[in-house]
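Step one of this worksheet: look at the structure below.
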Amino acid sequence: GAVVSQHPSRVICKSGTSVKIECRSLDFQATTMFWYRQFPKQSLMLMATSNEGSKATYEQGVEKDKFLINHASLTLSTLTVTSAHPEDSSFYICSAIFFGGGNQPQHFGDGTRLSIL
Amino acid sequence: ILNVEQSPQSLHVQEGDSTNFTCSFPSSNFYALHWYRWETAKSPEALFVMTLNGDEKKKGRISATLNTKEGYSYLYIKGSQPEDSATYLCAYALNRDDKIIFGKGTRLHILP
């Protein structure tokens with residue numbers, strides 16, 4: 001089946017550091033990738049939708065200057081948490097779909113646990 | 001605010017027993033309903049995507065039904081096995097756009 005690779009799986013760093021997370025579709029071309037964030041005991045919250053070659057669409061309340069998304073190719077999207085602070089500590093997970101439409105299953109990475117000291 | 005509710009939040013089931021849980025979603029502007037299984041330390045895995053009222057889908061011992069008029073879906077697991085222990089997420093797509101809205105999940109524990 002479709003495989004999505006997400007790296008790193010865990011990051012621990014000091015406040016003020018910028019952290020880049022990569023999401024790759026390994027065996028298919030992902031027209032759209034999604035970035036989610038999950039707080040403890042909460043649902044996966046969509047942060048942004050990323051289409052190759054165009055600007056990401058951010059959900060309401062998500063700071064685009066804080067969470068930079070680049071989708072340079074059909075197999076790679078990156079999320080950069082700029083100048084991270086403790087409140088940015090969370091679980092971040094990406095997903096990808098081959099072709100658009102809310103009726104397509106999403107293929108997820110393993111997620112990244114980000115801890116800011 | 002679109003809300004996807006899943007119940008129960010947590011469930012303990014004896015191995016061999018059958019079980020089911022619920023996903024409730026807005027019945028207006030429905031496009032698709034997704035179910036995912038999320039095992040610890042793994043990525044969420046798509047189980048089903050359903051689009052039509054009355055849809056029933058099956059994958060091994062797991063099946064799901066869909067009622068779009070009243071806004072609910074049931075996930076059934078027959079003869080639970082230890083490997084069924086996971087969090088089951090449902091997600092709702094309200095239109096043809098790509099994004100889906102997740103519920104908080106039902107955490108299923110299978111007791112040996």
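Within each chain, counting starts at residue 1; across the structure tokens, chains are named A, B, ... in the order shown, with ligands numbered 1 upward in that order.
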Could you give me the residues within chain B that DSSP places in strand (DSSP E or B), as a ChimeraX atom specification?
/B:5-7,10-14,19-24,32-38,45-50,56-59,62-67,72-77,86-93,101-102,106-111
May I have the residues within 7 Å of B:Phe102 as a PyMOL selection string, using only C-alpha atoms and disregarding those fewer than 6 positions away in the same chain?
(chain A and resi 43-44) or (chain B and resi 4+89-92)
Mind listing as an MDAnalysis selection string which residues of chain A are within 7 Å of chain B, counting only C-alpha atoms?
chainID A and resid 42:44 100:103 105:106 108:110
Would you output that residue set with C-alpha atoms, as a PDB file, in the first residue's frame?
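Output file part_5.pdb is given in full below:
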```pdb
ATOM      1  CA  GLN A  42      -7.654  15.731  21.552  1.00  0.00           C
ATOM      2  CA  SER A  43      -8.443  14.985  17.945  1.00  0.00           C
ATOM      3  CA  LEU A  44      -6.104  15.491  15.035  1.00  0.00           C
ATOM      4  CA  GLY A 100      -7.925  15.291  -4.706  1.00  0.00           C
ATOM      5  CA  GLY A 101     -11.287  14.787  -3.098  1.00  0.00           C
ATOM      6  CA  GLY A 102     -12.662  14.240   0.367  1.00  0.00           C
ATOM      7  CA  ASN A 103     -13.529  10.674  -0.642  1.00  0.00           C
ATOM      8  CA  PRO A 105      -8.253   7.806   2.045  1.00  0.00           C
ATOM      9  CA  GLN A 106      -5.321   9.676   3.507  1.00  0.00           C
ATOM     10  CA  PHE A 108      -0.224   9.020   7.133  1.00  0.00           C
ATOM     11  CA  GLY A 109       3.347   9.320   8.292  1.00  0.00           C
ATOM     12  CA  ASP A 110       4.358   8.065  11.730  1.00  0.00           C
TER      13      ASP A 110
END
```
What is the atom CA of A:Lys41 to atom CA of A:Arg10 distance in Å?
18.9 Å
I want to know what sits within 8 Å of stretch 19-30 of chain A, based on only C-alpha atoms, with residues of the same chain fewer than 6 positions away left out; could you give that as a PyMOL selection string?
chain A and resi 2-8+74-84+94-99+109+112
